[in-house]
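A.B. asks: Please read through the structure below; I'll follow up with questions.
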Amino acid sequence: MHVAQHEVSTQHELLGQLAETRRRSDELFDLVRPDSLYERPITERHRVVFYIGHLEAFDWNLLRERLLGLKPFHSEFDRLFAFGIDPVGRGFPSDKPSDWPSLEQVHEYVGRVRQTLDQALQRLSGDSAGSSEFPVSLLLNVAIEHRLMHAETLTYMLHQLPLDRKMRRAGRPEPIAPSVTPRMTEVPAGCATLGLSRQSGAFGWDNEFEQHVVSVPAFAVDECKTTNGQFLEFIAAGGYQNPAFWTAADWQWRCAQNICHPMFWRQEAGRWLLRTMFEDIPLPDDWPVYVSHAEASAYARWAGKSLPTEAQWHRAAFSTPEGTDRPYPWGGKLPDETLGNFNFHSWDPVSVAAFPQARSAFGAAGLLGNGWEWTSTVFAPFTGFEPFPFYLGYSADFFDGKHYVMKGGSTRTAAPLLRRSFRNWFQPNYQYVYAGFRCVRN
Ligand SMILES: [Fe+2]
């Protein structure tokens with residue numbers, strides 16, 4: 001009785017969260033001018049309209065039969081909107097706007113999916129919830145976090161739309177930050193805890209399991225993320241012209257694409273401008289630089305340093321001199337807006353030194369939010385990995401040696417995804433992510 005009651009209240013909370021995340025994704029589509037919803041802002045990805053249908057088709061395909069025993073009403077759209085594109089090793093998509101259904105048809109599908117799901121989910125009592133092969137809370141968390149992750153990656157996509165195709169939205173004003181003096185902080189040899197324990201009962205994606213402890217030799221780590229100002233020095237030193245700083249594959253990519261500066265930058269009349277979400281501004285020196293893994297690695301080599309491994313990042317962020325681990329770099333307090341630039345409060349970065357109160361036990365600052373951080377670790381399963389039977393490819397499709405782990409979070413990363421065990425990953429030449437880096441010296 002007590003357990004069933006608990007399950008019902010959790011379900012109730014999760015339904016509230018699902019409604020909240022729908023508002024998040026709706027507000028993103030609302031900032032695109034309606035005549036631009038069939039644009040493809042990133043060549044490798046789908047047109048914007050795909051994602052309007054995708055977020056609902058995903059929930060519908062996940063929950064419809066497995067949990068709710070409902071019949072399909074539009075199988076064609078269930079399939080059309082089922083999957084995004086993994087850009088690795090495939091040609092660019094060549095569909096035309098006219099290949100897609102009208103906005104009216106898509107919105108009708110979205111409305112009907114939401115209404116049908118919501119009615120059925122409301123009817124689920126604690127008892128009937130037990131008849132599914134999977135816990136209701138697991139499936140609802142998958143739906144909620146899938147949508148939260150898209151709320152972030154869609155923002156990267158809309159960032160690439162021309163400014164006049166977007167309706168400007170406000171963010172919170174930039175906090176006043178002390179000026180940045182690049183420094184490193186020592187992290188003594190010791191252990192780092194990675195992953196999530198199945199026994200904890202906490203929700204995590206397949207790639208977060210199982211929890212394990214890694215021994216890490218002593219190293220020094222940058223206190224803050226690398227800034228635009230620091231990256232300018234790399235450019236001035238000819239970093240983009242010297243193959244010695246690049247791996248063979250990265251150099252080939254750099255030359256083939258003629259990449260000479262970070263993708264979010266542009267030069268005009270001899271000065272650097274930064275493309276933010278809604279305007280071009282003079283390049284702020286103290287904001288974190290957003291670059292691909294290839295560019296981050298080249299910078300690190302030029303600086304005589306390297307990117308941290310995933311284990312080093314964990315140790316710098318969560319470990320303590322006492323040998324215990326913290327849930328968050330600053331301690332046990334849940335993330336709020338005084339501790340970092342995350343959870344949708346801003347559209348753009350702030351100074352890397354903006355949240356000194358959020359330092360880790362070893363003195364590293366700004367680890368969560370304000371831009372993901374690249375690691376040198378290739379994305380691979382932890383021991384004990386098992387794919388979700390209802391989403392086999394979520395992680396396993398990317399265990400190909402071509403993706404690198406990112407940790408931390410960006411301005412548009414939702415608070416639940418800031419948990420210690422959450423892992424993100426991208427291929428090394430993908431430039432559109434809100435990702436930067438800090439270096440280590442071994
Ligand atoms: Fe998706």
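In the structure tokens, each chain is lettered A, B, ... as it comes, each chain's residues begin at 1, and ligands are numbered from 1 in order of appearance.
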12 Å from ligand 1 is the threshold here; counting only C-alpha atoms and all ligand atoms, which polymer residues fall inside it? Answer as a ChimeraX atom specification.
C.D. replies: /A:45-46,50-59,61-62,81-86,142-154,391,393-394
A.B. asks: Would you please work out which residue, of A:Thr247, A:Asn141, A:Gln241, A:Ser360, is nearest to Phe203 of chain A when using only C-alpha atoms?
C.D. replies: A:Asn141
A.B. asks: Please list as a list in words every residue within 7 Å of segment 109-116 of chain A, counting only C-alpha atoms and excluding residues in the same chain fewer than 3 positions away.
C.D. replies: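 That gives Gly53, Glu56, Trp60, Gln105, Val106, Gln119 and Ala120 of chain A.
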A.B. asks: Output all heavy atoms for every residue in the selection just made, as a tab-separated table (two decimals), in the first residue's frame.
C.D. replies:
chain	number	residue	atom	x	y	z
A	53	GLY	N	7.38	17.23	-34.97
A	53	GLY	CA	6.72	15.94	-34.95
A	53	GLY	C	7.48	14.91	-34.13
A	53	GLY	O	6.88	14.06	-33.46
A	56	GLU	N	6.87	14.37	-30.22
A	56	GLU	CA	5.63	13.65	-29.87
A	56	GLU	C	5.69	12.20	-30.33
A	56	GLU	O	5.26	11.30	-29.62
A	56	GLU	CB	4.40	14.33	-30.48
A	56	GLU	CG	4.22	15.78	-30.15
A	56	GLU	CD	4.60	16.18	-28.76
A	56	GLU	OE1	4.17	15.54	-27.78
A	56	GLU	OE2	5.34	17.18	-28.62
A	60	TRP	N	5.04	8.89	-28.08
A	60	TRP	CA	3.96	8.00	-28.53
A	60	TRP	C	4.50	6.59	-28.78
A	60	TRP	O	3.95	5.60	-28.30
A	60	TRP	CB	3.35	8.60	-29.79
A	60	TRP	CG	2.21	7.84	-30.39
A	60	TRP	CD1	2.21	7.19	-31.59
A	60	TRP	CD2	0.89	7.68	-29.86
A	60	TRP	NE1	1.00	6.64	-31.84
A	60	TRP	CE2	0.15	6.91	-30.78
A	60	TRP	CE3	0.25	8.10	-28.68
A	60	TRP	CZ2	-1.18	6.56	-30.58
A	60	TRP	CZ3	-1.07	7.75	-28.48
A	60	TRP	CH2	-1.77	6.99	-29.41
A	105	GLN	N	-1.01	19.77	-40.53
A	105	GLN	CA	-1.06	18.32	-40.30
A	105	GLN	C	-0.18	17.92	-39.12
A	105	GLN	O	-0.56	17.08	-38.30
A	105	GLN	CB	-0.59	17.56	-41.55
A	105	GLN	CG	-1.55	17.64	-42.71
A	105	GLN	CD	-0.91	17.07	-43.98
A	105	GLN	OE1	0.17	17.50	-44.40
A	105	GLN	NE2	-1.56	16.07	-44.58
A	106	VAL	N	1.01	18.53	-39.05
A	106	VAL	CA	1.93	18.17	-37.96
A	106	VAL	C	1.35	18.61	-36.61
A	106	VAL	O	1.37	17.85	-35.64
A	106	VAL	CB	3.33	18.79	-38.19
A	106	VAL	CG1	4.28	18.41	-37.07
A	106	VAL	CG2	3.91	18.34	-39.53
A	119	GLN	N	-4.66	11.56	-21.42
A	119	GLN	CA	-5.85	10.89	-20.88
A	119	GLN	C	-5.49	9.50	-20.36
A	119	GLN	O	-5.91	9.10	-19.28
A	119	GLN	CB	-6.93	10.78	-21.96
A	119	GLN	CG	-7.66	12.10	-22.17
A	119	GLN	CD	-8.56	12.07	-23.40
A	119	GLN	OE1	-8.55	11.11	-24.17
A	119	GLN	NE2	-9.34	13.13	-23.57
A	120	ALA	N	-4.71	8.76	-21.14
A	120	ALA	CA	-4.36	7.40	-20.75
A	120	ALA	C	-3.44	7.40	-19.52
A	120	ALA	O	-3.57	6.56	-18.63
A	120	ALA	CB	-3.69	6.68	-21.92
A.B. asks: For segment 166-180 of chain A, please output as a JSON list (two decimals) with N, CA and C atoms, in the first residue's frame all residues within 9 Å (counting only C-alpha atoms; exclusion window: fewer than 3 positions along the same chain).
C.D. replies:
[["chain", "number", "residue", "atom", "x", "y", "z"],
["A", 30, "ASP", "N", 8.37, 28.35, -31.07],
["A", 30, "ASP", "CA", 7.69, 29.64, -31.17],
["A", 30, "ASP", "C", 8.63, 30.78, -31.49],
["A", 31, "LEU", "N", 9.93, 30.61, -31.24],
["A", 31, "LEU", "CA", 10.80, 31.74, -31.54],
["A", 31, "LEU", "C", 11.29, 31.75, -32.98],
["A", 32, "VAL", "N", 10.92, 30.72, -33.74],
["A", 32, "VAL", "CA", 11.25, 30.70, -35.17],
["A", 32, "VAL", "C", 10.12, 31.35, -35.95],
["A", 33, "ARG", "N", 10.44, 32.24, -36.87],
["A", 33, "ARG", "CA", 9.39, 32.82, -37.72],
["A", 33, "ARG", "C", 8.70, 31.69, -38.47],
["A", 36, "SER", "N", 9.89, 30.05, -41.55],
["A", 36, "SER", "CA", 11.23, 29.47, -41.55],
["A", 36, "SER", "C", 11.27, 28.09, -40.90],
["A", 158, "LEU", "N", 18.86, 26.20, -33.79],
["A", 158, "LEU", "CA", 18.25, 27.51, -34.04],
["A", 158, "LEU", "C", 19.30, 28.62, -33.95],
["A", 161, "LEU", "N", 20.31, 29.55, -37.37],
["A", 161, "LEU", "CA", 19.37, 30.26, -38.25],
["A", 161, "LEU", "C", 19.82, 31.71, -38.38],
["A", 162, "PRO", "N", 19.66, 32.31, -39.57],
["A", 162, "PRO", "CA", 19.95, 33.76, -39.66],
["A", 162, "PRO", "C", 19.16, 34.53, -38.61],
["A", 163, "LEU", "N", 19.77, 35.61, -38.08],
["A", 163, "LEU", "CA", 19.16, 36.33, -36.95],
["A", 163, "LEU", "C", 17.75, 36.83, -37.27],
["A", 183, "ARG", "N", 44.83, 30.28, -14.21],
["A", 183, "ARG", "CA", 45.66, 29.61, -13.20],
["A", 183, "ARG", "C", 45.34, 28.13, -13.23],
["A", 224, "CYS", "N", 39.62, 27.50, -14.45],
["A", 224, "CYS", "CA", 38.43, 27.89, -15.22],
["A", 224, "CYS", "C", 38.51, 27.32, -16.63],
["A", 227, "THR", "N", 39.17, 30.67, -22.11],
["A", 227, "THR", "CA", 38.36, 31.82, -22.54],
["A", 227, "THR", "C", 38.60, 32.15, -24.01],
["A", 277, "MET", "N", 22.91, 34.00, -29.57],
["A", 277, "MET", "CA", 21.64, 33.46, -30.06],
["A", 277, "MET", "C", 20.85, 34.49, -30.87],
["A", 278, "PHE", "N", 20.89, 35.77, -30.44],
["A", 278, "PHE", "CA", 20.03, 36.75, -31.09],
["A", 278, "PHE", "C", 20.77, 37.95, -31.68],
["A", 279, "GLU", "N", 22.09, 38.04, -31.51],
["A", 279, "GLU", "CA", 22.82, 39.18, -32.07],
["A", 279, "GLU", "C", 24.31, 38.88, -32.21],
["A", 286, "ASP", "N", 36.28, 37.22, -21.67],
["A", 286, "ASP", "CA", 36.21, 36.33, -20.50],
["A", 286, "ASP", "C", 35.15, 35.23, -20.61],
["A", 344, "PHE", "N", 18.41, 26.90, -18.54],
["A", 344, "PHE", "CA", 17.60, 27.78, -19.40],
["A", 344, "PHE", "C", 17.48, 29.23, -18.90],
["A", 345, "HIS", "N", 18.29, 29.64, -17.90],
["A", 345, "HIS", "CA", 18.16, 31.02, -17.43],
["A", 345, "HIS", "C", 18.72, 32.03, -18.43],
["A", 346, "SER", "N", 19.77, 31.63, -19.17],
["A", 346, "SER", "CA", 20.36, 32.53, -20.16],
["A", 346, "SER", "C", 20.41, 31.81, -21.50],
["A", 347, "TRP", "N", 20.53, 32.58, -22.56],
["A", 347, "TRP", "CA", 20.74, 32.00, -23.88],
["A", 347, "TRP", "C", 22.22, 31.85, -24.18],
["A", 348, "ASP", "N", 23.02, 32.71, -23.56],
["A", 348, "ASP", "CA", 24.43, 32.80, -23.93],
["A", 348, "ASP", "C", 25.32, 32.66, -22.70],
["A", 349, "PRO", "N", 26.61, 32.51, -22.96],
["A", 349, "PRO", "CA", 27.53, 32.31, -21.82],
["A", 349, "PRO", "C", 27.70, 33.57, -20.98],
["A", 350, "VAL", "N", 28.39, 33.39, -19.87],
["A", 350, "VAL", "CA", 28.84, 34.50, -19.03],
["A", 350, "VAL", "C", 30.33, 34.27, -18.77],
["A", 351, "SER", "N", 30.96, 35.18, -18.05],
["A", 351, "SER", "CA", 32.39, 35.03, -17.74],
["A", 351, "SER", "C", 32.67, 33.66, -17.10],
["A", 352, "VAL", "N", 33.82, 33.09, -17.41],
["A", 352, "VAL", "CA", 34.18, 31.80, -16.82],
["A", 352, "VAL", "C", 34.39, 31.91, -15.31],
["A", 353, "ALA", "N", 34.55, 33.16, -14.81],
["A", 353, "ALA", "CA", 34.79, 33.36, -13.37],
["A", 353, "ALA", "C", 33.53, 33.82, -12.64],
["A", 354, "ALA", "N", 32.37, 33.64, -13.27],
["A", 354, "ALA", "CA", 31.15, 34.26, -12.74],
["A", 354, "ALA", "C", 30.62, 33.61, -11.45],
["A", 355, "PHE", "N", 30.98, 32.37, -11.17],
["A", 355, "PHE", "CA", 30.37, 31.70, -10.01],
["A", 355, "PHE", "C", 31.44, 31.14, -9.07],
["A", 356, "PRO", "N", 32.21, 32.04, -8.42],
["A", 356, "PRO", "CA", 33.32, 31.57, -7.57],
["A", 356, "PRO", "C", 32.81, 30.70, -6.40]]
A.B. asks: Determine, counting only C-alpha atoms, which protein, DNA and RNA residues have an atom within 10 Å of an atom of Pro308 of chain A; residues of the same chain fewer than 3 positions away are not included. Present the result as a list in words.
C.D. replies: Phe219, Ala220, Val221, Asp222, Ala300, Lys305, Ala311, Gln312, Trp313, His314, Ala316, Glu373, Trp374, Thr375, Ser376, Thr377, Phe437, Arg438, Cys439, Val440, Arg441 and Asn442 of chain A
A.B. asks: Distance table requested - segment 82-173 of chain A against segment 189-201 of chain A, cut-off 12 Å, only C-alpha atoms: one row per qualifying residue with the closest atom pair and its distance in Å to one decimal, ordered by chain and rising residue number, as a tab-separated table.
C.D. replies:
residue	atom	partner	partner_atom	distance
A:Pro135	CA	A:Gly201	CA	11.2
A:Ser137	CA	A:Gly201	CA	10.7
A:Leu138	CA	A:Gly201	CA	10.0
A.B. asks: Next, the residues of the selection above should be written as an mmCIF file, in the first residue's frame with N, CA, C and O atoms.
C.D. replies:
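Output file out-v8.cif follows:
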data_model
loop_
_atom_site.group_PDB
_atom_site.id
_atom_site.type_symbol
_atom_site.label_atom_id
_atom_site.label_comp_id
_atom_site.auth_asym_id
_atom_site.auth_seq_id
_atom_site.Cartn_x
_atom_site.Cartn_y
_atom_site.Cartn_z
ATOM 1 N N PRO A 135 9.000 -0.172 -15.270
ATOM 2 C CA PRO A 135 8.352 0.769 -14.351
ATOM 3 C C PRO A 135 7.885 2.020 -15.106
ATOM 4 O O PRO A 135 8.586 2.502 -15.999
ATOM 5 N N SER A 137 7.768 4.973 -14.042
ATOM 6 C CA SER A 137 8.663 6.103 -13.792
ATOM 7 C C SER A 137 9.870 6.049 -14.729
ATOM 8 O O SER A 137 10.359 7.085 -15.181
ATOM 9 N N LEU A 138 10.345 4.841 -15.052
ATOM 10 C CA LEU A 138 11.486 4.719 -15.969
ATOM 11 C C LEU A 138 11.108 5.264 -17.342
ATOM 12 O O LEU A 138 11.821 6.098 -17.921
#
A.B. asks: For Asn258 of chain A, which residue out of A:Pro282, A:Tyr240, A:Trp372, A:Val433 is the nearest one, using only C-alpha atoms?
C.D. replies: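 Of the candidates, the smallest distance to Asn258 of chain A is held by A:Tyr240.
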A.B. asks: For Leu274 of chain A, list every protein, DNA or RNA residue within 6 Å, evaluated using only C-alpha atoms, and leave out those in the same chain fewer than 5 positions away; present the list as an MDAnalysis selection string.
C.D. replies: chainID A and resid 264:265 280:281 283
A.B. asks: Counting only C-alpha atoms, figure out which residue out of A:Ser421, A:Val405, A:Trp272, A:Ser292 gets nearest to Thr309 of chain A.
C.D. replies: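 Ranking A:Ser421, A:Val405, A:Trp272, A:Ser292 by distance to Thr309 of chain A, first place goes to A:Val405.
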A.B. asks: Applying 12 Å and only C-alpha atoms, which residues near Gly239 of chain A remain after dropping the ones on its own chain fewer than 2 positions away? List them as a PyMOL selection string.
C.D. replies: chain A and resi 231-237+241-246+251+254+259-262+294-303
A.B. asks: I need the residue nearest Pro335 of chain A from this list: A:Phe388, A:Glu133, A:Arg419, A:Ser306. Use only C-alpha atoms for the distance.
C.D. replies: A:Arg419
A.B. asks: A:Gly408, A:Glu386, A:Ala249, A:Ser132: which is nearest Phe318 of chain A, counting only C-alpha atoms?
C.D. replies: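 Between A:Gly408, A:Glu386, A:Ala249, A:Ser132, the residue approaching Phe318 of chain A most closely is A:Gly408.
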A.B. asks: Within segment 140-353 of chain A, find each residue whose DSSP state, derived from the backbone, is helix (DSSP H, G or I), and express the selection as a PyMOL selection string.
C.D. replies: chain A and resi 140-159+163-165+198-200+206-208+228-236+239-241+243-245+248-257+293-302+310-318
A.B. asks: Name the closest residue to Glu337 of chain A among the candidates A:Tyr404, A:Pro288, A:Ala414, A:Thr324; distances are taken between atoms, counting only C-alpha atoms.
C.D. replies: A:Ala414
A.B. asks: Determine which residues of segment 248-432 of chain A receive a DSSP assignment of strand (DSSP E or B), computed from the backbone, and state them as a PyMOL selection string.
C.D. replies: chain A and resi 265-268+271-275+280-282+288+306+319+325+328+331+372-378+404-407+424-426
A.B. asks: With N, CA and C atoms kept, could you save the residues just selected as a short mmCIF file (atom, residue, chain, number, x, y, z; two decimals), in the first residue's frame?
C.D. replies:
data_model
loop_
_atom_site.label_atom_id
_atom_site.label_comp_id
_atom_site.auth_asym_id
_atom_site.auth_seq_id
_atom_site.Cartn_x
_atom_site.Cartn_y
_atom_site.Cartn_z
N TRP A 265 32.61 32.58 -34.25
CA TRP A 265 33.29 33.87 -34.42
C TRP A 265 33.23 34.31 -35.88
N ARG A 266 33.42 35.63 -36.05
CA ARG A 266 33.48 36.18 -37.41
C ARG A 266 34.30 37.46 -37.32
N GLN A 267 35.06 37.74 -38.38
CA GLN A 267 35.89 38.93 -38.36
C GLN A 267 35.27 40.01 -39.24
N GLU A 268 35.22 41.24 -38.72
CA GLU A 268 34.64 42.32 -39.49
C GLU A 268 35.42 43.60 -39.20
N ARG A 271 38.04 43.44 -36.47
CA ARG A 271 37.76 43.02 -35.08
C ARG A 271 36.89 41.77 -35.10
N TRP A 272 36.98 41.04 -33.99
CA TRP A 272 36.23 39.78 -33.89
C TRP A 272 34.85 40.01 -33.31
N LEU A 273 33.88 39.38 -33.94
CA LEU A 273 32.51 39.41 -33.43
C LEU A 273 32.11 37.99 -33.03
N LEU A 274 31.21 37.92 -32.06
CA LEU A 274 30.68 36.62 -31.63
C LEU A 274 29.20 36.55 -31.99
N ARG A 275 28.80 35.49 -32.66
CA ARG A 275 27.38 35.26 -32.93
C ARG A 275 26.74 34.65 -31.69
N ASP A 280 24.98 39.72 -32.99
CA ASP A 280 26.44 39.67 -33.08
C ASP A 280 27.01 40.73 -32.16
N ILE A 281 27.96 40.34 -31.31
CA ILE A 281 28.52 41.30 -30.34
C ILE A 281 30.05 41.24 -30.42
N PRO A 282 30.73 42.34 -29.99
CA PRO A 282 32.19 42.27 -29.92
C PRO A 282 32.60 41.10 -29.03
N PRO A 288 33.69 31.67 -22.07
CA PRO A 288 34.34 30.45 -22.54
C PRO A 288 34.31 30.38 -24.06
N SER A 306 47.07 18.97 -22.00
CA SER A 306 46.17 18.07 -22.72
C SER A 306 44.75 18.25 -22.21
N SER A 319 35.61 14.95 -6.39
CA SER A 319 36.34 14.30 -5.29
C SER A 319 36.76 15.34 -4.25
N ASP A 325 33.15 11.63 -2.15
CA ASP A 325 32.73 12.33 -3.35
C ASP A 325 31.52 13.18 -3.08
N TYR A 328 27.64 17.26 -6.31
CA TYR A 328 27.89 18.38 -7.22
C TYR A 328 29.25 18.97 -6.84
N GLY A 331 29.16 20.79 -3.58
CA GLY A 331 28.69 20.07 -2.40
C GLY A 331 27.39 19.34 -2.70
N TRP A 372 29.55 22.86 -22.18
CA TRP A 372 30.10 21.54 -21.89
C TRP A 372 31.62 21.60 -21.98
N GLU A 373 32.28 20.59 -21.42
CA GLU A 373 33.75 20.53 -21.52
C GLU A 373 34.15 19.21 -22.17
N TRP A 374 34.97 19.34 -23.21
CA TRP A 374 35.48 18.15 -23.90
C TRP A 374 36.45 17.39 -23.02
N THR A 375 36.41 16.07 -23.10
CA THR A 375 37.45 15.26 -22.47
C THR A 375 38.20 14.52 -23.59
N SER A 376 39.30 13.89 -23.22
CA SER A 376 40.08 13.11 -24.19
C SER A 376 39.59 11.67 -24.25
N THR A 377 38.51 11.36 -23.51
CA THR A 377 38.04 9.98 -23.42
C THR A 377 37.05 9.66 -24.54
N VAL A 378 37.35 8.59 -25.26
CA VAL A 378 36.44 8.11 -26.30
C VAL A 378 35.21 7.51 -25.61
N TYR A 404 33.56 11.56 -28.54
CA TYR A 404 34.28 11.85 -27.29
C TYR A 404 33.29 12.29 -26.21
N VAL A 405 33.62 11.92 -24.97
CA VAL A 405 32.77 12.27 -23.83
C VAL A 405 32.91 13.76 -23.51
N MET A 406 31.78 14.40 -23.26
CA MET A 406 31.75 15.76 -22.75
C MET A 406 31.10 15.72 -21.37
N LYS A 407 31.58 16.57 -20.47
CA LYS A 407 31.00 16.64 -19.13
C LYS A 407 30.61 18.08 -18.82
N ASN A 424 27.66 13.09 -21.94
CA ASN A 424 27.26 13.57 -23.25
C ASN A 424 28.39 13.22 -24.22
N TRP A 425 28.11 13.15 -25.51
CA TRP A 425 29.17 12.77 -26.45
C TRP A 425 28.88 13.33 -27.82
N PHE A 426 29.94 13.72 -28.51
CA PHE A 426 29.83 14.19 -29.90
C PHE A 426 31.07 13.78 -30.65
#
A.B. asks: Expressed in Å to a single decimal, how great is the separation between atom CA of Asp206 of chain A and atom CA of Ser395 of chain A?
C.D. replies: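 For atom CA of Asp206 of chain A relative to atom CA of Ser395 of chain A, the distance reads 7.1 Å.
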A.B. asks: Separation of atom CA of Pro329 of chain A and atom CA of Ala365 of chain A, in Å?
C.D. replies: 8.4 Å
